[in-house]
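Report on one structure; see the data block that follows.
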Amino acid sequence: MAASFVDNGGTVCDVGCDHGKLALYLIQRGKAKHVIATDINRQPLQKAIDLFASYDLSHTADFLLTDGLQGVENTADITHVVIAGLGGHTMEQVIESAPFVKEQKTRLVLLPAQSGYRVRKYLYTHGFEIEKEQIVSEKGKYYSCISAVYTGKMHTPDIYEIYIGKSDACTGPDATGYFEMLLSQLEKKRAGFRHDNGTENTELEAAIEKIRKLL
Ligand SMILES: C[S@@+](CC[C@H](N)C(=O)[O-])C[C@H]1O[C@@H](n2cnc3c(N)ncnc32)[C@H](O)[C@@H]1O
């Protein structure tokens with residue numbers, strides 16, 4: 001899914017590349033001319049190195065054993081940073097530690113394994129625009145893949161934007177599953193709020209109502 005958000009890529013950074021399958025796919029499909037594949041752990045990075053070697057494509061990639069984007073040179077030909085399968089908090093740290101993402105308006109393709117709401121909140125409040133989202137499911141779990149770019153416009157999002165973002169343009173069974181999952185999370189949050197405060201949280205109520213209408 002993350003790959004479908006990469007088009008006409010120059011150099012694409014794949015952060016947390018693991019086995020390297022996504023990076024390889026980007027090269028094979030012509031979605032990237034070159035990839036920089038990073039992983040914080042030696043074993044997965046070695047798998048990615050071996051995978052590229054087995055396809056005789058080692059010349060199309062650089063491999064870096066590093067945390068996030070640390071050590072990645074700030075070159076103008078980096079068009080996309082893809083971060084898939086990491087948690088929302090780690091994604092924030094990776095983006096914050098790479099100023100070139102803002103300076104060069106590098107497109108971000110983010111598929112959080114959890115805490116997608118956290119990623120959206122970070123993006124909105126740090127000057128990134130969410131361009132589009134696509135919901136996917138794997139092994140009964142639902143995720144949203146987010147495409148974002150830095151515009152410098154800060155925005156304080158409400159609860160609906162944090163939890164749904166641009167995913168409300170998605171339709172189909174995966175979208176329904178995703179919205180149901182979020183609804184259940186927010187209903188639990190509402191019960192906790194009512195218990196602690198004895199009142200309603202109007203913003204939360206409004207978000208729940210809007211999500212119900214998506215189903
Ligand atoms: C669940 S896998 C995701 C694999 C791949 N991106 C995908 O979507 O198929 C997470 C990978 O990220 C790596 N990782 C975790 N934290 C990282 C960080 N801060 N910087 C780079 N890699 C990281 C792990 O070693 C692991 O290989």
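Chain lettering (A, B, ...) mirrors the order of the structure tokens, residue numbering begins at 1 for each chain separately, and ligand numbering begins at 1 in order of display.
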Looking only at the backbone, which of the residues in chain A does DSSP tag as strand (DSSP E or B), as number ranges by chain? A: 11-15, 34-39, 61-65, 78-84, 87, 107-111, 114, 128-138, 141-150
What residues have any atom no more than 9 Å from ligand 1 when counting only C-alpha atoms and all ligand atoms, and can you list them as a ChimeraX atom specification? /A:2,14-23,38-45,65-70,82-87,90-91,93-94,111,113
Do a neighbour search on Val136 of chain A at 9 Å with only C-alpha atoms, toss out local chain neighbours closer than 2 positions, and write the hits as a ChimeraX atom specification. /A:1,134,138,141-145,174-175,178
One residue among A:Lys213, A:His80, A:His34, A:Lys166 is nearest to Ser58 of chain A when using only C-alpha atoms, and that residue is A:His34
Could you give me, as a Markdown table, every segment 168-190 of chain A residue with an atom at most 7 Å from segment 199-210 of chain A, plus its closest atom pair and distance in Å to one decimal, counting only C-alpha atoms, rows ordered by chain then number?
| residue | atom | partner | partner_atom | distance |
| --- | --- | --- | --- | --- |
| A:Leu183 | CA | A:Ile208 | CA | 6.4 |
| A:Leu186 | CA | A:Ile208 | CA | 6.8 |
| A:Arg190 | CA | A:Leu204 | CA | 6.9 |
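Distances here use only C-alpha atoms; by that measure, the residue among A:Gly9, A:Gly177, A:Gly127, A:Gly140 closest to Met154 of chain A is A:Gly127.
In this model, the gap between atom CA of Ile211 of chain A and atom CA of Phe179 of chain A comes to 6.7 Å.
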Using DSSP assignments from the backbone, pull out every residue in chain A that falls under helix (DSSP H, G or I) and give it to me as a ChimeraX atom specification. /A:2-5,21-28,42-54,58-60,88-96,100-103,116-125,159-164,167-169,173-197,202-214
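Here the question is which of A:Gly88, A:Gly198, A:Gly10, A:Gly192 gets nearest to Ile146 of chain A using only C-alpha atoms, and that residue is A:Gly88.
Counting only C-alpha atoms, the residue from A:Thr151, A:Thr125, A:Ser54, A:Ser137 that sits nearest to Met181 of chain A is A:Ser137.
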Please list as a ChimeraX atom specification every residue within 8 Å of Val12 of chain A, counting only C-alpha atoms and excluding residues in the same chain fewer than 4 positions away. /A:32-36,78-82
Go ahead and dump the residues you just picked, C-alpha atoms, as a PDB file, in the first residue's frame.
ATOM      1  CA  ALA A  32      12.216   4.998  -7.353  1.00  0.00           C
ATOM      2  CA  LYS A  33      15.484   5.476  -9.205  1.00  0.00           C
ATOM      3  CA  HIS A  34      17.471   4.806  -6.078  1.00  0.00           C
ATOM      4  CA  VAL A  35      16.631   3.820  -2.512  1.00  0.00           C
ATOM      5  CA  ILE A  36      18.271   4.480   0.827  1.00  0.00           C
ATOM      6  CA  ILE A  78      15.460  12.641  -2.005  1.00  0.00           C
ATOM      7  CA  THR A  79      11.839  12.870  -3.112  1.00  0.00           C
ATOM      8  CA  HIS A  80      10.083  10.590  -0.597  1.00  0.00           C
ATOM      9  CA  VAL A  81      10.566   9.249   2.893  1.00  0.00           C
ATOM     10  CA  VAL A  82       8.559   6.089   3.522  1.00  0.00           C
TER      11      VAL A  82
END
Shell of 9 Å around Val101 of chain A, only C-alpha atoms, local chain residues under 4 positions omitted, as a VMD selection string: chain A and resid 74 78 80 to 81 95 to 96 105 to 108 149 to 150
Would you mind exporting N, CA and C atoms of the selected residues as an mmCIF file, in the first residue's frame?
data_model
loop_
_atom_site.group_PDB
_atom_site.id
_atom_site.type_symbol
_atom_site.label_atom_id
_atom_site.label_comp_id
_atom_site.auth_asym_id
_atom_site.auth_seq_id
_atom_site.Cartn_x
_atom_site.Cartn_y
_atom_site.Cartn_z
ATOM 1 N N ASN A 74 21.649 15.093 3.278
ATOM 2 C CA ASN A 74 20.592 15.982 2.818
ATOM 3 C C ASN A 74 20.792 16.301 1.332
ATOM 4 N N ILE A 78 16.358 13.454 -2.846
ATOM 5 C CA ILE A 78 15.460 12.641 -2.005
ATOM 6 C C ILE A 78 14.042 13.193 -2.183
ATOM 7 N N HIS A 80 11.056 11.188 -1.510
ATOM 8 C CA HIS A 80 10.083 10.590 -0.597
ATOM 9 C C HIS A 80 10.800 9.954 0.595
ATOM 10 N N VAL A 81 10.147 10.048 1.743
ATOM 11 C CA VAL A 81 10.566 9.249 2.893
ATOM 12 C C VAL A 81 9.383 8.351 3.237
ATOM 13 N N ILE A 95 11.028 12.021 11.901
ATOM 14 C CA ILE A 95 10.780 13.218 11.073
ATOM 15 C C ILE A 95 11.462 14.435 11.699
ATOM 16 N N GLU A 96 11.334 14.562 13.026
ATOM 17 C CA GLU A 96 11.928 15.711 13.730
ATOM 18 C C GLU A 96 13.443 15.753 13.585
ATOM 19 N N LYS A 105 10.697 19.982 1.393
ATOM 20 C CA LYS A 105 9.314 19.549 1.165
ATOM 21 C C LYS A 105 9.270 18.116 0.602
ATOM 22 N N THR A 106 10.063 17.276 1.253
ATOM 23 C CA THR A 106 10.097 15.857 0.878
ATOM 24 C C THR A 106 8.754 15.221 1.210
ATOM 25 N N ARG A 107 8.214 14.460 0.288
ATOM 26 C CA ARG A 107 6.905 13.840 0.555
ATOM 27 C C ARG A 107 7.071 12.695 1.561
ATOM 28 N N LEU A 108 6.194 12.689 2.558
ATOM 29 C CA LEU A 108 6.216 11.619 3.569
ATOM 30 C C LEU A 108 5.121 10.603 3.247
ATOM 31 N N VAL A 149 2.978 16.436 3.249
ATOM 32 C CA VAL A 149 4.093 17.268 2.805
ATOM 33 C C VAL A 149 4.112 18.548 3.639
ATOM 34 N N TYR A 150 5.299 19.087 3.844
ATOM 35 C CA TYR A 150 5.429 20.290 4.672
ATOM 36 C C TYR A 150 4.970 21.524 3.901
#
Spatial neighbours of Ala148 of chain A, max dist 7 Å, only C-alpha atoms, sep filter under 5 positions, as a ChimeraX atom specification: /A:107-109,128-131
Put those residues in a file: N, CA and C atoms, as a compact mmCIF listing (two decimals), in the first residue's frame.
# COMPACT_ATOMS: atom_id res chain seq x y z
N ARG A 107 8.21 14.46 0.29
CA ARG A 107 6.91 13.84 0.56
C ARG A 107 7.07 12.69 1.56
N LEU A 108 6.19 12.69 2.56
CA LEU A 108 6.22 11.62 3.57
C LEU A 108 5.12 10.60 3.25
N VAL A 109 5.47 9.34 3.31
CA VAL A 109 4.48 8.28 3.17
C VAL A 109 4.55 7.46 4.46
N PHE A 128 2.66 20.32 8.54
CA PHE A 128 2.51 19.39 7.41
C PHE A 128 1.04 19.35 6.97
N GLU A 129 0.85 19.20 5.69
CA GLU A 129 -0.51 19.01 5.18
C GLU A 129 -0.70 17.54 4.86
N ILE A 130 -1.80 16.96 5.35
CA ILE A 130 -2.12 15.59 4.95
C ILE A 130 -2.81 15.68 3.60
N GLU A 131 -2.21 15.05 2.60
CA GLU A 131 -2.75 15.15 1.24
C GLU A 131 -3.84 14.11 1.01
So that I can check the surroundings of Thr156 of chain A, please list as a PyMOL selection string every protein, DNA and RNA residue that reaches within 12 Å of it, counting only C-alpha atoms and ignoring chain neighbours fewer than 5 positions away. chain A and resi 120-128+161-162
Please produce a file of the residues just selected, as a PDB file, in the first residue's frame, where the atoms kept are N, CA and C atoms.
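Final output, saved to result_0.pdb:
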ATOM      1  N   ARG A 120      -1.108  11.978  13.022  1.00  0.00           N
ATOM      2  CA  ARG A 120      -1.886  13.085  12.429  1.00  0.00           C
ATOM      3  C   ARG A 120      -1.745  14.352  13.266  1.00  0.00           C
ATOM      4  N   LYS A 121      -1.832  14.183  14.583  1.00  0.00           N
ATOM      5  CA  LYS A 121      -1.735  15.361  15.462  1.00  0.00           C
ATOM      6  C   LYS A 121      -0.378  16.033  15.256  1.00  0.00           C
ATOM      7  N   TYR A 122       0.664  15.226  15.188  1.00  0.00           N
ATOM      8  CA  TYR A 122       2.009  15.766  14.969  1.00  0.00           C
ATOM      9  C   TYR A 122       2.056  16.519  13.629  1.00  0.00           C
ATOM     10  N   LEU A 123       1.547  15.906  12.591  1.00  0.00           N
ATOM     11  CA  LEU A 123       1.626  16.518  11.252  1.00  0.00           C
ATOM     12  C   LEU A 123       0.899  17.867  11.227  1.00  0.00           C
ATOM     13  N   TYR A 124      -0.344  17.871  11.732  1.00  0.00           N
ATOM     14  CA  TYR A 124      -1.136  19.112  11.704  1.00  0.00           C
ATOM     15  C   TYR A 124      -0.469  20.233  12.498  1.00  0.00           C
ATOM     16  N   THR A 125       0.114  19.868  13.639  1.00  0.00           N
ATOM     17  CA  THR A 125       0.655  20.910  14.532  1.00  0.00           C
ATOM     18  C   THR A 125       2.090  21.300  14.195  1.00  0.00           C
ATOM     19  N   HIS A 126       2.689  20.609  13.210  1.00  0.00           N
ATOM     20  CA  HIS A 126       4.073  20.936  12.843  1.00  0.00           C
ATOM     21  C   HIS A 126       4.194  21.402  11.401  1.00  0.00           C
ATOM     22  N   GLY A 127       3.084  21.860  10.832  1.00  0.00           N
ATOM     23  CA  GLY A 127       3.153  22.504   9.518  1.00  0.00           C
ATOM     24  C   GLY A 127       3.066  21.571   8.322  1.00  0.00           C
ATOM     25  N   PHE A 128       2.659  20.320   8.544  1.00  0.00           N
ATOM     26  CA  PHE A 128       2.506  19.391   7.407  1.00  0.00           C
ATOM     27  C   PHE A 128       1.040  19.345   6.971  1.00  0.00           C
ATOM     28  N   GLU A 161     -10.426  15.257  13.387  1.00  0.00           N
ATOM     29  CA  GLU A 161      -9.290  15.329  12.456  1.00  0.00           C
ATOM     30  C   GLU A 161      -8.134  14.450  12.919  1.00  0.00           C
ATOM     31  N   ILE A 162      -7.930  14.403  14.232  1.00  0.00           N
ATOM     32  CA  ILE A 162      -6.821  13.600  14.755  1.00  0.00           C
ATOM     33  C   ILE A 162      -7.074  12.114  14.496  1.00  0.00           C
TER      34      ILE A 162
END
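Across the structure, atom CA of Ala98 of chain A and atom CA of Val72 of chain A are spaced 8.5 Å apart.
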